[in-house]
Structure formats: C-alpha cells, structure tokens
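> One structure coming up, written as structure tokens, with questions to follow.
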Amino acid sequence: MRAPEVPTESLSPVSSYNEWDPLEEVIVGIVNGAHFPPWHVAVGAPLSPEQRAVFQERAGQPFPADQIAAARDELDQLVDVLEGEGVKVRRPKPQDHGKSYGAPGWSSSGLYDAMPRDLLLVVGEDVIEAPMAWRSRYHAASAYRPLLKEYFRQGARWSSPPKPDLPDELYVADWTDQPEGEPFRSVITEFEPTFDAADFIRCGRDIFAQRSHVTNGMGIEWVRRHLGEAYQVHELNLADDHPMHIDASLMPLAEGKLLIHPERVPEVPKIFKDWEVRTAPQPAIPDGHPLYMTSKWINMNVLMIDEERMIVEAQDEPMRRLAESWGMAAIPCPFRNFNSFGGSFHCATVDVRRRGGLRSHF
Ligand code: ARG
C-alpha cells in the first residue's frame, strides 16, 4: 500500500501533506481577546438551539475572563507537551476582537485566534488563507501574518483565494434548521467561494472536504483547481445536522487508520477500503460543561505527533484506551476548558512542517 515517496529537496519552512507524518513545527492558537461575534444568521446556523441563545444574548461581549484564563493555561500546557516531544511551537499575535471593522454594506467585530486549523490550509509547501464566511472572521489572518510573512521570506508558498465580499446575498436571510431527517440546508449560498480550512482533511494526494455552513461548492472547487492535478479533492456527504469543520467527524490518524464519528459517516468512502476504520468512543465530557460552539464529539479532534503518538485530553479515558489499543502512545494534556471555545487539539493547532513528502496512501 505504501507508495514510494517523491523526493523533496525542500527549503520551505512550510511542508505538510497529511495529518500524521512526524511533526516538526506547529502553530498553537491563543484565546487572548476572544469575543462572542455580533449576532448574524450565519453564526447561529452551525450551533445548537441552546448555543444560539447564548450567542444572541452575549453578542459582541468578551468570553468570560475566568474561562479565557483557564483555556490560556491549557494552551500553555499544550505548548509544553509539544516542546517536550521535540516539536517547535509558534504562536499568533494577539488581536483585539472587540474592535469593529466593516466593508461596503456591513460591519462586524471579531471572534478569536484560538483555532488556526479553521483558517490556514497547509498543503505541501503552500499555506492557504481560507476565505471565511463569517463576517466576524474576515480579518482572522491578521494574527498569523507575522508568521506567514516570515515563512514566505524563507521560501514557503503563500496563497489566498479571491477576497470575498460577504454581502447579504451570500446568506440565506430566513434560514431555519432543516426538519429532522431532511438533508442539510446550508445558511450560505453559492454567491462567491467561501470555505474554512477545517472543512478539509489531508491524506497526501487525497484531500477530503465537506460542504457546511461556512464552506460552499465554489469554495471546494477553488481549492481543487488551485491544487491542480497532483491532488484529488473528494467531496464527502457526511450526516452532520449542523456541519462546520470536518475534524470531529473524520480523522485519519496514521496511514491505514481512520477514526470516524459513530453516526456522521453512514458510509465510509470506498477509497478507505484497505484502511482499518474505528468509531470514536462516547465522549467523556460531562453534561453541563460549557461548550459554546461544538458538540461533545470534539473528543475525536486529536492531534498526531506522528503515527505512534497521539495527544489526548487528560480526562478522556476512553480515547486514551482507543489510542493504546491501536498501538499508539496517548500523551495526556488537560484541555477541557479550551474545549468550551469550540475545538480541541486539532483545531487549536495547524501544522507548519511534518517530515515526509507527497505520496498516495491508498
Ligand atoms: N462541528 C464539530 C462538532 O460540533 C466541531 C468541529 C470543530 N473543529 C474546528 N476545527 N474548530 O462536533
């Protein structure tokens, strides 16, 4: 199954083709300055009804200071864990997300810089800034630009799709949840290409993507054409009622090992036929733990340091057991307070460099 590696004599500081090759450098997000965004139909769509109520009520306000402090502490612990495993860690530049900005026809303030995986799509030596559909994430790249400029100077490719206008036409103004059992109805239209980087997951020459409340067909097509013939971008039809980001539904952990959400992947894509597929264990996160913009299935949002080392939430016994039973060392890190902000280790990071080149894993 293992295809010969294409030799890459690369000087680029950015180079990562999949989710599991040995990690050498990574960006870890920050929660400084995190705010609830102004209320907007697109913000509500991927949330549960309870989460929507919280976002409506607290629109424009900072996240609770004690929760920011606790999450910040966990991020710092993650940095220590990664550095302890020999990984170089970089951090974005804090921004004031309470500041308002605008474009013709709209204004907004920001969200946070906690989830670099949402924004930056690294494919090989190319780092692509996603054209995000949320107005509150329009300037999300700013926090990362000092790093991106540095990587560019050192030889990385640095790309950005057409800057979206995000006018009212992009959104379905009277959007409501699809009735139970009916196919997902997106809050965004095909007005212009938009996507979040986290709606893509990389397996070398094959990249898997989903349409969601932030990623439209034109967004996926843009990535497909931009990457060209060396890659195949597969659009998957997952059974997520409120899709936003694929990395709590489908997580390739190593060549030949795929972790899936027990319900969201009704049919494992045929291309994985020679892979071992396991379903994620029931989340250990207790009821009542605040989760502002994610489901409890954020338990499967793990980060691989390489094919044998997985970073696992310190209290997540079931996930630790899964890793160990699958031949991987589980490296614990407390992250439950961070989880409240809508992600876990995969979301909170973005690969800058993993050793290994472009190959096919199927
Ligand atoms: N939408 C997923 C869920 O609610 C969470 C995905 C988070 N991923 C991310 N990259 N922020 O289960």
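Here's how to read the names in the structure tokens: chain A, B, ... by the order shown, residue numbers from 1 in each chain, ligand numbers from 1 in the order shown.
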Any residue with an atom at most 7 Å from ligand 1 counts, using only C-alpha atoms and all ligand atoms. Which are they? Put them as an NGL selection string.
:A and (115 or 117-118 or 198 or 242-248 or 293-298 or 342-343 or 346-347)
> Produce a file of the selected residues containing C-alpha atoms, as a CSV table (one decimal), in the first residue's frame.

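Output file again_4.csv is given in full below:
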chain,number,residue,atom,x,y,z
A,115,MET,CA,-8.3,27.8,16.1
A,117,ARG,CA,-6.9,25.0,11.8
A,118,ASP,CA,-10.1,26.8,10.8
A,198,ALA,CA,-11.1,22.9,8.8
A,242,HIS,CA,-25.0,21.3,11.7
A,243,PRO,CA,-21.8,20.9,9.7
A,244,MET,CA,-18.9,23.2,10.3
A,245,HIS,CA,-15.5,21.6,10.2
A,246,ILE,CA,-14.8,18.0,9.3
A,247,ASP,CA,-12.3,17.2,12.0
A,248,ALA,CA,-14.8,16.0,14.6
A,293,MET,CA,-19.7,26.2,19.6
A,294,THR,CA,-19.1,22.5,19.4
A,295,SER,CA,-20.7,19.2,20.3
A,296,LYS,CA,-19.1,16.7,22.8
A,297,TRP,CA,-17.6,14.9,19.8
A,298,ILE,CA,-14.7,17.3,20.0
A,342,GLY,CA,-15.3,25.1,20.2
A,343,GLY,CA,-12.3,22.9,19.5
A,346,HIS,CA,-6.5,19.5,16.0
A,347,CYS,CA,-8.5,22.8,15.8
> Using backbone DSSP assignments, extract all strand (DSSP E or B) residues from region 158-330 of chain A; output them as a PyMOL selection string.
chain A and resi 158-159+171+188+200-204+206-209+232-235+250-254+257-260+276-279+303-306+309-313+329-330
> Excluding Val127 (chain A) and residues on its chain fewer than 2 positions from it, collect all residues at most 8 Å away from it, counting only C-alpha atoms, and give them as a ChimeraX atom specification.
/A:14,120-125,129,156-159
> Output the selection as a compact mmCIF listing (two decimals), in the first residue's frame - N, CA and C atoms for each residue.

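And here's selection-v4.txt as it stands now:
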# COMPACT_ATOMS: atom_id res chain seq x y z
N VAL A 14 7.52 25.63 5.45
CA VAL A 14 6.17 25.05 5.46
C VAL A 14 6.19 23.81 4.58
N LEU A 120 -6.12 28.28 8.31
CA LEU A 120 -4.97 28.04 7.43
C LEU A 120 -4.98 26.62 6.91
N LEU A 121 -4.97 26.49 5.61
CA LEU A 121 -4.93 25.17 4.98
C LEU A 121 -3.52 24.98 4.42
N VAL A 122 -2.77 24.12 5.07
CA VAL A 122 -1.42 23.84 4.61
C VAL A 122 -1.45 22.60 3.74
N VAL A 123 -1.07 22.76 2.49
CA VAL A 123 -0.99 21.62 1.58
C VAL A 123 0.41 21.67 0.97
N GLY A 124 1.25 20.77 1.43
CA GLY A 124 2.63 20.79 0.98
C GLY A 124 3.30 22.06 1.45
N GLU A 125 3.91 22.77 0.53
CA GLU A 125 4.66 23.98 0.90
C GLU A 125 3.80 25.23 0.81
N GLU A 129 -4.74 30.89 2.98
CA GLU A 129 -5.63 31.58 3.94
C GLU A 129 -7.07 31.39 3.48
N ALA A 156 8.38 29.60 1.71
CA ALA A 156 7.07 28.95 1.60
C ALA A 156 6.24 29.59 0.49
N ARG A 157 5.28 28.84 -0.04
CA ARG A 157 4.26 29.47 -0.88
C ARG A 157 3.19 30.03 0.05
N TRP A 158 2.53 31.08 -0.37
CA TRP A 158 1.53 31.73 0.49
C TRP A 158 0.40 32.17 -0.44
N SER A 159 -0.79 31.58 -0.26
CA SER A 159 -1.89 31.83 -1.20
C SER A 159 -3.13 32.33 -0.49
> Any idea what the distance is between CA of Ser142 (chain A) and CA of Asn18 (chain A)?
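Computing it gives 25.2 Å between the two atoms.
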> Please measure the separation of CA of Tyr151 (chain A) and CA of Pro116 (chain A), giving the value in Å to one decimal.
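Distance between the two atoms: 15.4 Å.
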> I want to know what sits within 7 Å of Arg202 (chain A), based on only C-alpha atoms, with residues of the same chain fewer than 2 positions away left out; could you give that as number ranges by chain?
A: 17-19, 200, 204, 206-208
> Quick one: write out the picked residues with all heavy atoms as a PDB file, in the first residue's frame?

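Written out: result-v2.pdb:
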ATOM      1  N   TYR A  17       1.829  17.294   4.388  1.00  0.00           N
ATOM      2  CA  TYR A  17       0.938  16.694   3.393  1.00  0.00           C
ATOM      3  C   TYR A  17      -0.179  15.856   3.991  1.00  0.00           C
ATOM      4  O   TYR A  17      -1.090  15.449   3.284  1.00  0.00           O
ATOM      5  CB  TYR A  17       1.757  15.817   2.445  1.00  0.00           C
ATOM      6  CG  TYR A  17       2.707  16.601   1.570  1.00  0.00           C
ATOM      7  CD1 TYR A  17       4.028  16.831   1.965  1.00  0.00           C
ATOM      8  CD2 TYR A  17       2.277  17.124   0.355  1.00  0.00           C
ATOM      9  CE1 TYR A  17       4.902  17.549   1.165  1.00  0.00           C
ATOM     10  CE2 TYR A  17       3.146  17.844  -0.457  1.00  0.00           C
ATOM     11  CZ  TYR A  17       4.452  18.056  -0.043  1.00  0.00           C
ATOM     12  OH  TYR A  17       5.307  18.777  -0.838  1.00  0.00           O
ATOM     13  N   ASN A  18      -0.058  15.513   5.250  1.00  0.00           N
ATOM     14  CA  ASN A  18      -1.098  14.676   5.860  1.00  0.00           C
ATOM     15  C   ASN A  18      -1.178  14.992   7.346  1.00  0.00           C
ATOM     16  O   ASN A  18      -0.518  15.921   7.823  1.00  0.00           O
ATOM     17  CB  ASN A  18      -0.820  13.183   5.589  1.00  0.00           C
ATOM     18  CG  ASN A  18       0.521  12.738   6.173  1.00  0.00           C
ATOM     19  OD1 ASN A  18       0.910  13.176   7.258  1.00  0.00           O
ATOM     20  ND2 ASN A  18       1.228  11.881   5.459  1.00  0.00           N
ATOM     21  N   GLU A  19      -1.993  14.226   8.069  1.00  0.00           N
ATOM     22  CA  GLU A  19      -2.268  14.554   9.478  1.00  0.00           C
ATOM     23  C   GLU A  19      -1.381  13.777  10.454  1.00  0.00           C
ATOM     24  O   GLU A  19      -1.587  13.858  11.658  1.00  0.00           O
ATOM     25  CB  GLU A  19      -3.751  14.275   9.798  1.00  0.00           C
ATOM     26  CG  GLU A  19      -4.763  14.911   8.834  1.00  0.00           C
ATOM     27  CD  GLU A  19      -4.793  16.438   8.872  1.00  0.00           C
ATOM     28  OE1 GLU A  19      -4.382  17.023   9.891  1.00  0.00           O
ATOM     29  OE2 GLU A  19      -5.226  17.042   7.865  1.00  0.00           O
ATOM     30  N   PHE A 200     -11.552  20.704   5.429  1.00  0.00           N
ATOM     31  CA  PHE A 200     -10.695  19.851   4.597  1.00  0.00           C
ATOM     32  C   PHE A 200      -9.810  19.016   5.516  1.00  0.00           C
ATOM     33  O   PHE A 200      -9.376  19.505   6.560  1.00  0.00           O
ATOM     34  CB  PHE A 200      -9.791  20.716   3.710  1.00  0.00           C
ATOM     35  CG  PHE A 200     -10.551  21.500   2.676  1.00  0.00           C
ATOM     36  CD1 PHE A 200     -11.238  22.671   3.035  1.00  0.00           C
ATOM     37  CD2 PHE A 200     -10.608  21.074   1.357  1.00  0.00           C
ATOM     38  CE1 PHE A 200     -11.949  23.398   2.091  1.00  0.00           C
ATOM     39  CE2 PHE A 200     -11.318  21.801   0.403  1.00  0.00           C
ATOM     40  CZ  PHE A 200     -11.985  22.959   0.762  1.00  0.00           C
ATOM     41  N   GLY A 204      -2.252  13.089   2.032  1.00  0.00           N
ATOM     42  CA  GLY A 204      -1.341  13.099   0.889  1.00  0.00           C
ATOM     43  C   GLY A 204      -2.047  13.579  -0.369  1.00  0.00           C
ATOM     44  O   GLY A 204      -2.655  14.658  -0.384  1.00  0.00           O
ATOM     45  N   ASP A 206      -4.692  12.688  -1.601  1.00  0.00           N
ATOM     46  CA  ASP A 206      -6.152  12.718  -1.474  1.00  0.00           C
ATOM     47  C   ASP A 206      -6.549  13.620  -0.313  1.00  0.00           C
ATOM     48  O   ASP A 206      -6.066  13.468   0.802  1.00  0.00           O
ATOM     49  CB  ASP A 206      -6.682  11.297  -1.270  1.00  0.00           C
ATOM     50  CG  ASP A 206      -6.423  10.456  -2.510  1.00  0.00           C
ATOM     51  OD1 ASP A 206      -7.215  10.574  -3.474  1.00  0.00           O
ATOM     52  OD2 ASP A 206      -5.391   9.748  -2.549  1.00  0.00           O
ATOM     53  N   ILE A 207      -7.437  14.550  -0.630  1.00  0.00           N
ATOM     54  CA  ILE A 207      -7.902  15.506   0.381  1.00  0.00           C
ATOM     55  C   ILE A 207      -9.420  15.382   0.451  1.00  0.00           C
ATOM     56  O   ILE A 207     -10.089  15.297  -0.585  1.00  0.00           O
ATOM     57  CB  ILE A 207      -7.453  16.929  -0.007  1.00  0.00           C
ATOM     58  CG1 ILE A 207      -5.912  16.986   0.040  1.00  0.00           C
ATOM     59  CG2 ILE A 207      -8.078  17.986   0.903  1.00  0.00           C
ATOM     60  CD1 ILE A 207      -5.315  18.295  -0.379  1.00  0.00           C
ATOM     61  N   PHE A 208      -9.953  15.324   1.666  1.00  0.00           N
ATOM     62  CA  PHE A 208     -11.395  15.131   1.848  1.00  0.00           C
ATOM     63  C   PHE A 208     -12.008  16.431   2.346  1.00  0.00           C
ATOM     64  O   PHE A 208     -11.439  17.094   3.219  1.00  0.00           O
ATOM     65  CB  PHE A 208     -11.640  13.967   2.812  1.00  0.00           C
ATOM     66  CG  PHE A 208     -11.030  12.694   2.279  1.00  0.00           C
ATOM     67  CD1 PHE A 208      -9.721  12.339   2.608  1.00  0.00           C
ATOM     68  CD2 PHE A 208     -11.721  11.920   1.373  1.00  0.00           C
ATOM     69  CE1 PHE A 208      -9.128  11.203   2.054  1.00  0.00           C
ATOM     70  CE2 PHE A 208     -11.141  10.781   0.812  1.00  0.00           C
ATOM     71  CZ  PHE A 208      -9.837  10.419   1.156  1.00  0.00           C
TER      72      PHE A 208
END
> Considering only C-alpha atoms, return as a ChimeraX atom specification whatever protein or nucleic-acid residues lie within 10 Å of Arg58 (chain A), sequence-local ones (same chain, fewer than 2 positions apart) excluded.
/A:35-39,52-56,60-63
> Write the residues of the selection above to a file with N, CA and C atoms, as a tab-separated table (two decimals), in the first residue's frame.

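Below you can see again34.tsv, which holds the result:
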chain	number	residue	atom	x	y	z
A	35	HIS	N	-13.94	37.10	21.73
A	35	HIS	CA	-15.26	37.73	21.89
A	35	HIS	C	-16.34	36.89	21.22
A	36	PHE	N	-17.55	36.98	21.76
A	36	PHE	CA	-18.70	36.47	21.01
A	36	PHE	C	-18.91	37.43	19.84
A	37	PRO	N	-19.11	36.91	18.64
A	37	PRO	CA	-19.29	37.81	17.50
A	37	PRO	C	-20.65	38.49	17.54
A	38	PRO	N	-20.82	39.58	16.79
A	38	PRO	CA	-22.16	40.16	16.67
A	38	PRO	C	-23.10	39.10	16.12
A	39	TRP	N	-24.36	39.16	16.51
A	39	TRP	CA	-25.29	38.13	16.05
A	39	TRP	C	-25.51	38.23	14.54
A	52	ARG	N	-27.22	28.88	20.35
A	52	ARG	CA	-27.70	30.08	19.65
A	52	ARG	C	-28.17	31.13	20.65
A	53	ALA	N	-28.91	30.67	21.66
A	53	ALA	CA	-29.44	31.61	22.65
A	53	ALA	C	-28.30	32.32	23.37
A	54	VAL	N	-27.23	31.59	23.71
A	54	VAL	CA	-26.09	32.19	24.39
A	54	VAL	C	-25.41	33.21	23.47
A	55	PHE	N	-25.22	32.85	22.22
A	55	PHE	CA	-24.56	33.77	21.28
A	55	PHE	C	-25.39	35.02	21.03
A	56	GLN	N	-26.71	34.86	21.04
A	56	GLN	CA	-27.56	36.03	20.84
A	56	GLN	C	-27.47	36.97	22.03
A	60	GLY	N	-21.14	40.30	20.86
A	60	GLY	CA	-20.23	41.44	20.98
A	60	GLY	C	-19.47	41.50	22.30
A	61	GLN	N	-19.84	40.64	23.26
A	61	GLN	CA	-19.16	40.69	24.57
A	61	GLN	C	-17.94	39.77	24.58
A	62	PRO	N	-17.00	40.07	25.47
A	62	PRO	CA	-15.87	39.15	25.59
A	62	PRO	C	-16.31	37.80	26.17
A	63	PHE	N	-15.59	36.75	25.88
A	63	PHE	CA	-15.82	35.48	26.57
A	63	PHE	C	-15.49	35.70	28.05
> Can you list, as JSON, numbers by chain, all residues belonging to region 21-244 of chain A that DSSP tags as alpha helix (DSSP H)?
{"A": [41, 42, 43, 44, 49, 50, 51, 52, 53, 54, 55, 56, 57, 65, 66, 67, 68, 69, 70, 71, 72, 73, 74, 75, 76, 77, 78, 79, 80, 81, 82, 83, 84, 116, 117, 118, 119, 145, 146, 147, 148, 149, 150, 151, 152, 153, 217, 218, 219, 220, 221, 222, 223, 224, 225, 226, 227]}
